[in-house]
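Have a look at model.txt; it's compact mmCIF, C-alpha atoms and all ligand atoms:
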```
# COMPACT_ATOMS: atom_id res chain seq x y z
CA MET X 352 -161.95 -203.33 129.27
CA LYS X 353 -165.69 -203.65 128.87
CA GLN X 354 -165.74 -203.86 125.08
CA GLU X 355 -162.91 -206.40 124.92
CA LYS X 356 -165.08 -208.81 126.89
CA LEU X 357 -167.70 -208.46 124.24
CA LEU X 358 -165.38 -209.78 121.52
CA GLU X 359 -166.78 -212.87 119.83
CA VAL X 360 -164.36 -214.95 117.79
CA TYR X 361 -165.35 -217.39 115.06
CA GLN X 362 -162.82 -219.52 113.28
CA ASN X 363 -162.24 -222.30 110.76
CA ASN X 364 -159.01 -223.61 109.23
CA SER X 365 -158.37 -220.60 107.05
CA VAL X 366 -160.09 -217.58 108.51
CA LYS X 367 -160.78 -215.93 111.84
CA ILE X 368 -163.63 -213.44 112.07
CA SER X 369 -163.93 -211.36 115.24
CA VAL X 370 -166.94 -209.27 116.14
CA ARG X 371 -166.53 -206.60 118.78
CA LYS X 372 -170.12 -206.56 119.93
CA GLY X 373 -169.67 -203.60 122.23
CA TRP X 374 -168.75 -201.39 119.29
CA CYS X 375 -171.20 -202.82 116.72
CA LYS X 376 -174.28 -200.66 116.12
CA SER X 377 -176.23 -203.20 114.08
CA CYS X 378 -176.18 -201.05 110.95
CA GLY X 379 -176.49 -204.06 108.65
CA ILE X 380 -173.81 -202.97 106.17
CA CYS X 381 -171.52 -206.00 106.65
CA VAL X 382 -174.40 -208.45 106.38
CA GLU X 383 -175.92 -206.88 103.25
CA PHE X 384 -172.75 -206.41 101.23
CA CYS X 385 -170.83 -209.60 102.01
CA PRO X 386 -170.38 -211.08 98.53
CA LYS X 387 -170.74 -214.66 99.83
CA ASP X 388 -173.62 -214.27 102.33
CA VAL X 389 -171.36 -215.40 105.13
CA LEU X 390 -172.91 -213.14 107.73
CA VAL X 391 -176.36 -213.29 109.28
CA PRO X 392 -177.73 -210.90 111.91
CA ASP X 393 -178.32 -212.15 115.45
CA ASN X 394 -181.41 -211.05 117.35
CA GLN X 395 -179.78 -207.67 117.98
CA GLY X 396 -178.77 -207.21 114.35
CA LYS X 397 -175.10 -207.94 115.00
CA PRO X 398 -173.29 -210.18 112.53
CA ILE X 399 -172.65 -213.88 113.06
CA PRO X 400 -170.50 -215.60 110.40
CA GLU X 401 -172.83 -218.56 110.19
CA ASN X 402 -171.54 -219.48 106.78
CA ILE X 403 -167.86 -218.98 107.61
CA ASP X 404 -166.65 -221.73 105.26
CA ALA X 405 -167.86 -219.64 102.30
CA CYS X 406 -165.74 -216.65 103.34
CA ILE X 407 -163.30 -215.58 100.63
CA LYS X 408 -161.39 -213.27 102.99
CA CYS X 409 -162.09 -210.22 100.84
CA SER X 410 -162.15 -208.04 104.02
CA LEU X 411 -164.95 -205.90 102.62
CA CYS X 412 -166.99 -206.34 105.81
CA GLU X 413 -164.07 -205.03 107.83
CA LEU X 414 -163.31 -202.15 105.45
CA ARG X 415 -166.94 -201.01 105.28
CA CYS X 416 -167.71 -201.31 108.97
CA PRO X 417 -168.02 -197.73 110.28
CA ASP X 418 -167.41 -198.92 113.82
CA PHE X 419 -164.31 -201.12 113.56
CA ALA X 420 -166.46 -203.88 114.98
CA ILE X 421 -165.64 -206.74 112.61
CA THR X 422 -162.19 -207.96 111.64
CA VAL X 423 -161.05 -210.72 109.33
CA GLU X 424 -157.67 -212.38 109.81
CA GLY X 425 -155.77 -214.80 107.64
CA VAL X 426 -156.24 -212.40 104.76
CA LYS X 427 -153.83 -212.29 101.85
CA GLU X 428 -152.09 -209.00 101.02
CA LYS X 429 -154.43 -206.36 99.64
CA ASP X 430 -154.77 -206.48 95.87
CA GLU X 431 -154.73 -202.73 95.24
CA MET Q 1491 -150.76 -209.08 115.98
CA LYS Q 1492 -151.15 -205.31 116.23
CA THR Q 1493 -153.95 -204.11 113.98
CA VAL Q 1494 -154.46 -200.66 112.50
CA ILE Q 1495 -157.12 -200.19 115.15
CA ASP Q 1496 -154.65 -200.83 117.96
CA GLU Q 1497 -152.07 -198.64 116.29
CA TYR Q 1498 -153.94 -195.54 115.14
CA ILE Q 1499 -157.25 -195.31 117.00
CA ARG Q 1500 -157.88 -193.81 120.42
CA LYS Q 1501 -159.73 -196.90 121.56
CA ALA Q 1502 -160.77 -195.37 124.85
CA MET Q 1503 -163.03 -193.03 122.84
CA PHE Q 1504 -164.96 -195.96 121.35
CA PRO Q 1505 -167.67 -196.81 120.50
CA ASN Q 1506 -167.64 -193.65 118.38
CA MET Q 1507 -170.40 -191.03 118.64
CA TRP Q 1508 -171.67 -191.38 115.08
CA CYS Q 1509 -175.11 -192.79 114.25
CA PRO Q 1510 -175.36 -196.43 113.13
CA GLY Q 1511 -174.01 -196.87 109.62
CA CYS Q 1512 -172.66 -193.31 109.33
CA GLY Q 1513 -169.97 -193.14 106.64
CA ASN Q 1514 -167.63 -191.04 108.78
CA GLY Q 1515 -166.31 -194.22 110.40
CA ILE Q 1516 -165.63 -195.81 107.01
CA VAL Q 1517 -163.60 -192.75 105.98
CA LEU Q 1518 -161.72 -192.87 109.28
CA GLY Q 1519 -160.82 -196.47 108.46
CA ALA Q 1520 -159.63 -195.50 104.97
CA ILE Q 1521 -157.44 -192.73 106.39
CA ILE Q 1522 -155.69 -194.88 108.99
CA ARG Q 1523 -155.17 -197.73 106.53
CA ALA Q 1524 -153.62 -195.31 104.02
CA ILE Q 1525 -151.26 -194.02 106.70
CA ASP Q 1526 -150.42 -197.55 107.77
CA ASP Q 1527 -149.58 -198.43 104.15
CA LEU Q 1528 -147.25 -195.42 103.97
CA GLY Q 1529 -145.64 -196.43 107.26
CA TRP Q 1530 -145.68 -192.89 108.60
CA ASP Q 1531 -144.62 -192.12 112.13
CA LYS Q 1532 -147.63 -191.01 114.16
CA ASP Q 1533 -145.71 -188.16 115.76
CA GLU Q 1534 -145.03 -186.42 112.45
CA ILE Q 1535 -148.72 -186.23 111.56
CA VAL Q 1536 -151.18 -183.51 112.52
CA ALA Q 1537 -154.88 -183.96 111.80
CA VAL Q 1538 -156.95 -180.79 111.68
CA SER Q 1539 -160.72 -180.44 111.36
CA GLY Q 1540 -163.46 -177.84 111.63
CA ILE Q 1541 -166.92 -178.43 113.07
CA GLY Q 1542 -169.46 -181.02 111.99
CA CYS Q 1543 -170.02 -184.74 112.54
CA SER Q 1544 -167.21 -185.51 110.08
CA SER Q 1545 -164.85 -183.22 111.96
CA ARG Q 1546 -165.07 -185.49 114.99
CA ILE Q 1547 -162.57 -187.73 113.20
CA THR Q 1548 -159.71 -185.77 114.73
CA GLY Q 1549 -160.84 -186.92 118.17
CA TYR Q 1550 -160.45 -190.59 117.23
CA VAL Q 1551 -157.06 -190.63 115.52
CA ASP Q 1552 -154.01 -191.13 117.69
CA PHE Q 1553 -152.00 -188.35 116.00
CA CYS Q 1554 -151.50 -184.79 117.11
CA SER Q 1555 -154.87 -183.31 116.32
CA MET Q 1556 -156.84 -180.13 116.37
CA ASN Q 1557 -160.59 -179.66 116.22
CA THR Q 1558 -160.95 -176.00 115.25
CA THR Q 1559 -163.94 -173.82 114.27
CA HIS Q 1560 -166.52 -174.32 111.52
CA GLY Q 1561 -165.02 -173.69 108.09
CA ARG Q 1562 -161.60 -172.68 109.38
CA ALA Q 1563 -159.68 -175.95 109.41
CA LEU Q 1564 -157.59 -174.90 106.40
CA PRO Q 1565 -156.33 -171.61 107.89
CA PHE Q 1566 -155.33 -173.41 111.10
CA ALA Q 1567 -153.64 -176.14 109.07
CA THR Q 1568 -151.86 -173.50 106.97
CA GLY Q 1569 -150.46 -171.98 110.16
CA ILE Q 1570 -149.24 -175.35 111.41
CA LYS Q 1571 -147.62 -176.19 108.09
CA MET Q 1572 -145.92 -172.80 107.77
CA ALA Q 1573 -144.58 -173.02 111.33
CA ASN Q 1574 -143.15 -176.48 110.72
CA PRO Q 1575 -143.12 -177.61 107.07
CA ASP Q 1576 -141.74 -181.02 108.10
CA LEU Q 1577 -145.08 -181.98 109.62
CA LYS Q 1578 -147.55 -183.95 107.54
CA VAL Q 1579 -150.82 -182.10 107.87
CA ILE Q 1580 -154.16 -183.75 107.09
CA VAL Q 1581 -157.33 -181.69 107.03
CA VAL Q 1582 -160.71 -183.40 107.37
CA MET Q 1583 -163.77 -181.35 106.47
CA GLY Q 1584 -167.49 -181.82 105.93
CA ASP Q 1585 -169.11 -180.66 102.69
CA GLY Q 1586 -170.67 -177.69 104.47
CA ASP Q 1587 -167.50 -176.95 106.38
CA CYS Q 1588 -165.37 -176.99 103.23
CA SER Q 1589 -167.59 -175.56 100.53
CA ALA Q 1590 -169.96 -173.15 102.32
CA ILE Q 1591 -168.44 -171.23 105.23
CA GLY Q 1592 -164.95 -172.47 104.35
CA GLY Q 1593 -165.26 -172.14 100.57
CA ASN Q 1594 -162.94 -169.19 100.28
CA HIS Q 1595 -160.22 -170.86 102.33
CA PHE Q 1596 -160.54 -173.91 100.12
CA ILE Q 1597 -159.99 -172.12 96.79
CA HIS Q 1598 -157.12 -170.09 98.15
CA ALA Q 1599 -155.36 -173.06 99.71
CA ALA Q 1600 -155.57 -174.65 96.26
CA ARG Q 1601 -154.37 -171.47 94.54
CA ARG Q 1602 -151.35 -171.28 96.85
CA ASN Q 1603 -150.80 -174.99 96.46
CA ILE Q 1604 -149.84 -175.37 100.09
CA ASP Q 1605 -148.69 -178.89 100.96
CA LEU Q 1606 -151.76 -180.11 102.86
CA THR Q 1607 -154.03 -183.10 102.26
CA ALA Q 1608 -157.70 -182.14 102.36
CA ILE Q 1609 -160.20 -184.95 102.81
CA ILE Q 1610 -163.78 -183.83 102.32
CA ILE Q 1611 -166.50 -186.12 103.63
CA ASN Q 1612 -169.33 -185.29 101.27
CA ASN Q 1613 -172.59 -186.52 102.77
CA MET Q 1614 -174.31 -183.77 100.77
CA ILE Q 1615 -175.89 -182.20 103.85
CA TYR Q 1616 -175.27 -180.43 107.14
CA GLY Q 1617 -175.46 -183.61 109.19
CA MET Q 1618 -174.68 -182.28 112.62
CA THR Q 1619 -177.18 -179.45 112.67
CA GLY Q 1620 -180.19 -181.32 111.32
CA GLY Q 1621 -180.09 -181.60 107.57
CA GLN Q 1622 -179.85 -178.10 106.11
CA TYR Q 1623 -178.79 -178.25 102.46
CA SER Q 1624 -175.18 -177.47 101.62
CA PRO Q 1625 -173.48 -176.27 98.42
CA LEU Q 1626 -172.96 -179.95 97.61
CA THR Q 1627 -176.60 -181.03 98.00
CA PRO Q 1628 -177.74 -182.17 94.56
CA THR Q 1629 -180.44 -180.16 92.77
CA GLY Q 1630 -183.89 -181.53 93.54
CA LYS Q 1631 -182.89 -183.34 96.72
CA PHE Q 1632 -184.48 -182.53 100.05
CA GLY Q 1633 -183.15 -180.93 103.18
CA SER Q 1634 -184.72 -179.44 106.29
CA THR Q 1635 -184.23 -176.04 104.62
CA ALA Q 1636 -185.36 -177.38 101.23
CA PRO Q 1637 -188.67 -179.09 102.07
CA TYR Q 1638 -189.82 -178.83 98.43
CA GLY Q 1639 -186.47 -179.77 96.93
CA ASN Q 1640 -183.22 -177.91 96.46
CA ILE Q 1641 -183.26 -175.42 93.56
CA ASP Q 1642 -179.54 -174.58 93.77
CA GLN Q 1643 -176.98 -176.11 91.49
CA SER Q 1644 -174.30 -177.90 93.50
CA PHE Q 1645 -170.58 -177.38 93.14
CA ASP Q 1646 -168.44 -180.07 91.60
CA LEU Q 1647 -165.78 -179.89 94.30
CA ALA Q 1648 -163.21 -181.77 92.24
CA GLU Q 1649 -163.56 -179.40 89.29
CA LEU Q 1650 -163.43 -176.46 91.66
CA ALA Q 1651 -160.17 -177.73 93.17
CA ILE Q 1652 -158.65 -178.32 89.74
CA ALA Q 1653 -159.61 -174.86 88.48
CA ALA Q 1654 -158.25 -173.24 91.64
CA GLY Q 1655 -154.83 -174.87 91.26
CA ALA Q 1656 -154.61 -178.00 93.44
CA SER Q 1657 -151.85 -180.54 92.72
CA TYR Q 1658 -153.86 -183.69 93.33
CA VAL Q 1659 -157.61 -184.20 92.98
CA ALA Q 1660 -159.63 -187.41 93.36
CA ARG Q 1661 -163.01 -188.68 94.43
CA GLY Q 1662 -163.94 -191.91 96.18
CA THR Q 1663 -166.92 -193.27 98.09
CA VAL Q 1664 -167.60 -195.17 101.29
CA TYR Q 1665 -169.01 -197.99 99.18
CA ASN Q 1666 -165.53 -198.45 97.65
CA PRO Q 1667 -163.27 -198.40 100.72
CA ARG Q 1668 -160.26 -199.99 98.99
CA GLN Q 1669 -160.22 -197.43 96.22
CA SER Q 1670 -160.72 -194.63 98.75
CA THR Q 1671 -157.76 -195.84 100.80
CA SER Q 1672 -155.56 -195.91 97.72
CA LEU Q 1673 -156.65 -192.41 96.61
CA ILE Q 1674 -156.02 -191.02 100.10
CA LYS Q 1675 -152.61 -192.68 100.13
CA LYS Q 1676 -151.64 -191.02 96.85
CA ALA Q 1677 -152.94 -187.68 98.07
CA LEU Q 1678 -150.96 -187.93 101.31
CA ASP Q 1679 -147.83 -188.77 99.40
CA LYS Q 1680 -148.24 -185.85 96.98
CA LYS Q 1681 -146.42 -182.58 97.57
CA GLY Q 1682 -148.76 -179.61 97.21
CA PHE Q 1683 -152.46 -179.14 97.90
CA SER Q 1684 -154.19 -182.51 97.57
CA VAL Q 1685 -157.93 -183.00 97.62
CA VAL Q 1686 -159.87 -186.22 98.06
CA GLU Q 1687 -163.64 -185.97 98.18
CA ILE Q 1688 -165.30 -189.04 99.63
CA ILE Q 1689 -169.01 -189.43 98.91
CA SER Q 1690 -170.48 -190.62 102.18
CA ASP Q 1691 -173.79 -191.47 103.81
CA CYS Q 1692 -175.69 -189.64 106.50
CA PRO Q 1693 -178.68 -191.92 106.94
CA VAL Q 1694 -180.12 -189.79 109.71
CA SER Q 1695 -180.25 -186.34 108.13
CA TYR Q 1696 -179.87 -186.93 104.39
CA GLY Q 1697 -181.31 -190.42 104.16
CA LYS Q 1698 -184.41 -189.69 106.20
CA MET Q 1699 -185.37 -186.72 104.02
CA ASN Q 1700 -184.59 -188.46 100.75
CA LYS Q 1701 -186.44 -191.76 101.12
CA MET Q 1702 -183.40 -193.76 102.18
CA LYS Q 1703 -183.97 -194.72 105.76
CA SER Q 1704 -181.21 -197.25 106.27
CA PRO Q 1705 -177.45 -197.11 105.87
CA VAL Q 1706 -177.77 -200.05 103.46
CA ASP Q 1707 -180.19 -198.07 101.23
CA MET Q 1708 -177.74 -195.19 101.23
CA LEU Q 1709 -174.75 -197.30 100.25
CA LYS Q 1710 -176.73 -198.87 97.41
CA TRP Q 1711 -177.65 -195.38 96.21
CA ILE Q 1712 -174.02 -194.26 96.37
CA LYS Q 1713 -173.08 -197.27 94.29
CA ASP Q 1714 -175.76 -196.37 91.73
CA ILE Q 1715 -174.85 -192.71 91.32
CA THR Q 1716 -171.11 -193.20 90.86
CA VAL Q 1717 -169.18 -194.29 87.77
CA SER Q 1718 -165.49 -194.77 87.19
CA LYS Q 1719 -163.62 -191.87 85.61
CA LYS Q 1720 -163.04 -193.97 82.51
CA ALA Q 1721 -166.72 -194.80 82.01
CA TRP Q 1722 -167.66 -191.20 82.86
CA ASP Q 1723 -165.60 -189.83 79.97
CA GLY Q 1724 -167.74 -191.82 77.55
CA LEU Q 1725 -171.10 -190.59 78.89
CA SER Q 1726 -173.27 -187.95 77.22
CA PRO Q 1727 -174.20 -184.81 79.21
CA ASP Q 1728 -177.67 -186.30 79.75
CA GLU Q 1729 -176.24 -189.54 81.11
CA LYS Q 1730 -173.94 -187.62 83.43
CA ARG Q 1731 -176.81 -185.79 85.12
CA GLY Q 1732 -177.15 -186.83 88.77
CA LYS Q 1733 -174.03 -188.98 88.59
CA TYR Q 1734 -170.50 -188.58 89.94
CA ALA Q 1735 -167.21 -189.69 88.46
CA ILE Q 1736 -164.89 -191.48 90.88
CA GLY Q 1737 -161.16 -192.06 90.66
CA GLU Q 1738 -158.14 -189.85 90.18
CA PHE Q 1739 -158.69 -186.67 88.16
CA LEU Q 1740 -155.41 -184.82 88.44
CA SER Q 1741 -151.88 -185.35 89.69
CA LYS Q 1742 -149.40 -182.67 88.69
CA ASP Q 1743 -146.24 -181.13 90.05
CA ARG Q 1744 -145.94 -177.48 90.86
CA PRO Q 1745 -143.92 -175.73 93.61
CA ASP Q 1746 -145.74 -175.73 96.92
CA TYR Q 1747 -146.19 -172.66 99.07
CA THR Q 1748 -143.78 -173.65 101.86
CA GLU Q 1749 -140.94 -174.08 99.34
CA LEU Q 1750 -141.63 -170.73 97.71
CA TYR Q 1751 -141.80 -169.10 101.13
CA GLU Q 1752 -138.47 -170.57 102.16
CA GLU Q 1753 -136.90 -169.31 98.94
CA ILE Q 1754 -138.18 -165.80 99.43
CA ILE Q 1755 -136.89 -165.73 103.01
CA LYS Q 1756 -133.47 -166.86 101.81
CA LYS Q 1757 -133.47 -164.19 99.13
CA ALA Q 1758 -134.36 -161.51 101.65
CA GLN Q 1759 -131.64 -162.65 104.05
CA GLU Q 1760 -128.99 -162.81 101.33
CA SER Q 1761 -129.76 -159.31 100.19
CA GLY Q 1762 -129.51 -158.08 103.76
CA GLY Q 1763 -132.98 -156.68 103.49
CA ASN Q 1764 -132.18 -154.53 100.44
CA LYS Q 1765 -134.57 -155.21 97.57
C1 LIG X 1801 -169.40 -170.20 112.68
C2 LIG X 1801 -170.39 -171.32 112.80
N1 LIG X 1801 -171.51 -171.29 112.05
C3 LIG X 1801 -172.38 -172.32 112.13
C4 LIG X 1801 -172.18 -173.36 112.99
C5 LIG X 1801 -173.18 -174.48 113.10
N2 LIG X 1801 -172.76 -175.66 112.42
C6 LIG X 1801 -172.14 -176.66 113.06
S1 LIG X 1801 -171.77 -177.96 112.09
C7 LIG X 1801 -172.48 -177.19 110.75
C8 LIG X 1801 -172.56 -177.85 109.41
C9 LIG X 1801 -172.11 -179.24 109.37
O1 LIG X 1801 -172.18 -179.74 108.06
P1 LIG X 1801 -170.92 -180.38 107.37
O2 LIG X 1801 -169.79 -179.46 107.39
O3 LIG X 1801 -171.35 -180.87 106.04
O4 LIG X 1801 -170.53 -181.59 108.34
P2 LIG X 1801 -171.36 -182.91 108.69
O5 LIG X 1801 -171.99 -182.69 110.02
O6 LIG X 1801 -172.34 -183.15 107.61
O7 LIG X 1801 -170.30 -183.95 108.74
C10 LIG X 1801 -172.98 -175.95 111.10
C11 LIG X 1801 -173.68 -175.03 110.16
C12 LIG X 1801 -170.99 -173.33 113.77
N3 LIG X 1801 -170.70 -174.33 114.61
N4 LIG X 1801 -170.13 -172.30 113.67
S1 LIG X 1802 -164.24 -211.23 104.40
FE1 LIG X 1802 -165.59 -210.96 102.61
S2 LIG X 1802 -166.52 -212.98 102.32
FE2 LIG X 1802 -165.63 -213.00 104.38
S3 LIG X 1802 -167.32 -212.38 105.72
FE3 LIG X 1802 -166.22 -210.51 105.18
S4 LIG X 1802 -167.28 -209.69 103.39
FE4 LIG X 1802 -167.91 -211.84 103.64
S1 LIG X 1803 -170.92 -203.11 109.65
FE1 LIG X 1803 -170.00 -203.06 111.70
S2 LIG X 1803 -171.43 -201.89 112.98
FE2 LIG X 1803 -172.53 -202.49 111.12
S3 LIG X 1803 -173.56 -204.40 111.69
FE3 LIG X 1803 -171.59 -204.97 110.76
S4 LIG X 1803 -170.17 -205.13 112.47
FE4 LIG X 1803 -171.96 -204.05 113.24
S1 LIG X 1804 -176.18 -187.00 111.78
FE1 LIG X 1804 -175.49 -187.93 109.86
S2 LIG X 1804 -173.33 -187.32 109.63
FE2 LIG X 1804 -173.93 -186.97 111.77
S3 LIG X 1804 -173.32 -188.84 112.85
FE3 LIG X 1804 -175.48 -189.08 112.29
S4 LIG X 1804 -175.42 -190.12 110.31
FE4 LIG X 1804 -173.37 -189.31 110.65
MG MG X 1805 -172.03 -182.80 105.57
```
Please render this file's structure as structure tokens.
Ligand SMILES: Cc1ncc(C[n+]2csc(CCOP(=O)(O)OP(=O)(O)O)c2C)c(N)n1
Ligand code: SF4
Ligand code: SF4
Ligand code: SF4
Ligand SMILES: [Mg+2]
Amino acid sequence: MKQEKLLEVYQNNSVKISVRKGWCKSCGICVEFCPKDVLVPDNQGKPIPENIDACIKCSLCELRCPDFAITVEGVKEKDE
Amino acid sequence: MKTVIDEYIRKAMFPNMWCPGCGNGIVLGAIIRAIDDLGWDKDEIVAVSGIGCSSRITGYVDFCSMNTTHGRALPFATGIKMANPDLKVIVVMGDGDCSAIGGNHFIHAARRNIDLTAIIINNMIYGMTGGQYSPLTPTGKFGSTAPYGNIDQSFDLAELAIAAGASYVARGTVYNPRQSTSLIKKALDKKGFSVVEIISDCPVSYGKMNKMKSPVDMLKWIKDITVSKKAWDGLSPDEKRGKYAIGEFLSKDRPDYTELYEEIIKKAQESGGNK
């Protein structure tokens, strides 16, 4: 599928962040509200987890993305 | 690993049709995550909507679904539930859909306490048709039909639902997706008419006319105008103006309409039709 090809995966020892570029609409929500400034926009406004080592795996970027375009794996069970 | 997206979304329909940053997608995420938490079987769920941008949700969920006419999602859902009370029926409505053209259906569904879960995506505007004000547009805010500011007083949908007889009433926001998921989960699990209003952003129609051009501006605003139920109870009337309480407002038990209907049918059959 077209959009699967546009999946970018970023990873370190504890977290894997995937960005489905074909679905992302560059709204800026994930970048702005990440509590640890992990994400920066690329030249199209799509998120790159440049600061991935600071990620606390809160999943807020994933939960607030209106387009299901960013996912965070290696996350602990939800706290609520 | 199978994610909620793989499990509950019609991926072939993506990317979705909503504008960048539109809160409808965040609410869609909260709904499917709530259902995933409950572990419900997809085939026992029916999602019903009316007309509006928000109502397009029923096209993206991989349940049985029905996109009906503007304002009439609740009557269609009532029919489905009465025909087969074992189905879990979720109704997604816009603020206009639910409180303007569908307002009467809403209060009477609550009065009957029929076992449906109503999720109202309150972006405070008619998004789809170009930003006309709705009964939930705050006083003083702008719409394409209120170029000098809205003079109407808006409904408090939660209070309306409580007064009309609903069993469960809560309000969340797209800024607080975890809380919204948990409120939706409780509403789904509750027998009787359950209402969850989610304050959402429409950057294109509402934002543009109210000096919030970006989705980020809108989410910051939503964060600013909402306070937890607990904090709300301590505010003075002046401090409450322009703000919204979020959280759970009511959860009570009262017989739902399908149960009462079943009882009355049994009674009629036992009496052989003699009153
Ligand atoms: C009977 C009828 N009247 C009017 C319309 C036009 N119409 C379509 S959507 C809509 C309002 C949408 O606003 P809302 O329900 O808040 O949904 P949103 O688009 O904001 O999600 C209207 C008036 C219609 N489709 N059918
Ligand atoms: S999971 Fe939390 S900390 Fe990590 S990138 Fe997403 S929002 Fe930032
Ligand atoms: S929130 Fe989603 S759609 Fe918006 S920029 Fe981030 S990944 Fe893209
Ligand atoms: S017009 Fe508003 S409600 Fe409709 S898709 Fe665009 S942002 Fe969302
Ligand atoms: Mg609306």
Find the nearest atom pair between each residue of chain Q and ligand LIG 1801 (chain X) for residues within 6 Å, count all atoms listed in the file, give distances in Å to one decimal, sort rows by chain and ascending number, and present the table as a Markdown table.
```
| residue | atom | partner | partner_atom | distance |
| --- | --- | --- | --- | --- |
| Q:Ile1541 | CA | X:LIG1801 | S1 | 5.0 |
| Q:Gly1542 | CA | X:LIG1801 | O5 | 3.6 |
| Q:Cys1543 | CA | X:LIG1801 | O5 | 3.8 |
| Q:Ser1544 | CA | X:LIG1801 | O7 | 3.7 |
| Q:His1560 | CA | X:LIG1801 | N4 | 4.7 |
| Q:Gly1584 | CA | X:LIG1801 | O2 | 3.6 |
| Q:Asp1585 | CA | X:LIG1801 | O3 | 4.0 |
| Q:Gly1586 | CA | X:LIG1801 | O2 | 3.5 |
| Q:Asp1587 | CA | X:LIG1801 | O2 | 3.5 |
| Q:Asn1613 | CA | X:LIG1801 | O6 | 5.9 |
| Q:Ile1615 | CA | X:LIG1801 | O3 | 5.2 |
| Q:Tyr1616 | CA | X:LIG1801 | O1 | 3.3 |
| Q:Gly1617 | CA | X:LIG1801 | O6 | 3.5 |
| Q:Met1618 | CA | X:LIG1801 | O5 | 3.8 |
| Q:Thr1619 | CA | X:LIG1801 | C7 | 5.6 |
```
(message) For a quick check of your reading of the model, name the residues lying within 6 Å of the coordinate (-168.9, -196.6, 97.9), counting all atoms listed in the file, and write them as a list of chain:residue names.
(response)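 Checked against the point, the hits come out as Q:Thr1663, Q:Val1664, Q:Tyr1665, Q:Asn1666, Q:Ile1712, Q:Lys1713.
Pairwise distance (CA of Tyr1734 (chain Q), CA of Met1614 (chain Q)) equals 12.4 Å.
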Select residues of chain Q: the criterion is any atom within 6 Å of an atom of chain X, counting all atoms listed in the file; output as a PDB file with C-alpha atoms, in the coordinates of the input.
```pdb
ATOM      1  CA  PRO Q1505    -167.670-196.810 120.500  1.00  0.00           C
ATOM      2  CA  PRO Q1510    -175.360-196.430 113.130  1.00  0.00           C
ATOM      3  CA  GLY Q1511    -174.010-196.870 109.620  1.00  0.00           C
ATOM      4  CA  GLY Q1515    -166.310-194.220 110.400  1.00  0.00           C
ATOM      5  CA  ILE Q1516    -165.630-195.810 107.010  1.00  0.00           C
ATOM      6  CA  VAL Q1706    -177.770-200.050 103.460  1.00  0.00           C
TER       7      VAL Q1706
END
```
(message) Which residues are close to Ser1545 (chain Q), i.e. within 8 Å by only C-alpha atoms, leaving aside same-chain residues fewer than 6 positions away? Reply as a VMD selection string.
(response) chain Q and resid 1539 1557 1582 to 1584
Write the residues of the selection above to a file with C-alpha atoms, as a short mmCIF file (atom, residue, chain, number, x, y, z; two decimals), in the coordinates of the input.
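Result file out.cif:
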```
data_model
loop_
_atom_site.label_atom_id
_atom_site.label_comp_id
_atom_site.auth_asym_id
_atom_site.auth_seq_id
_atom_site.Cartn_x
_atom_site.Cartn_y
_atom_site.Cartn_z
CA SER Q 1539 -160.72 -180.44 111.36
CA ASN Q 1557 -160.59 -179.66 116.22
CA VAL Q 1582 -160.71 -183.40 107.37
CA MET Q 1583 -163.77 -181.35 106.47
CA GLY Q 1584 -167.49 -181.82 105.93
#
```
(message) Using all atoms listed in the file - which residues lie no farther than 8 Å from the point (-146.8, -181.3, 97.2) in the file's frame? Write them as a list in words.
(response)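 Output: Asn1603, Ile1604, Asp1605, Leu1606, Ser1657, Asp1679, Lys1680, Lys1681, Gly1682, Phe1683, Ser1684, Asp1743, Arg1744, Pro1745 and Asp1746 of chain Q.
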(message) Let me see if you get this right: every residue at most 6 Å from ligand LIG 1804 (chain X), counting only C-alpha atoms and all ligand atoms, written as a VMD selection string.
(response) chain Q and resid 1508 to 1509 1512 1543 1617 to 1618 1692 to 1695
(message) Can you work out which residues are within 8 Å of ligand LIG 1802 (chain X), considering all atoms listed in the file, and then hand them over as number ranges by chain?
(response) X: 368, 381-382, 384-390, 400, 403, 405-413, 423
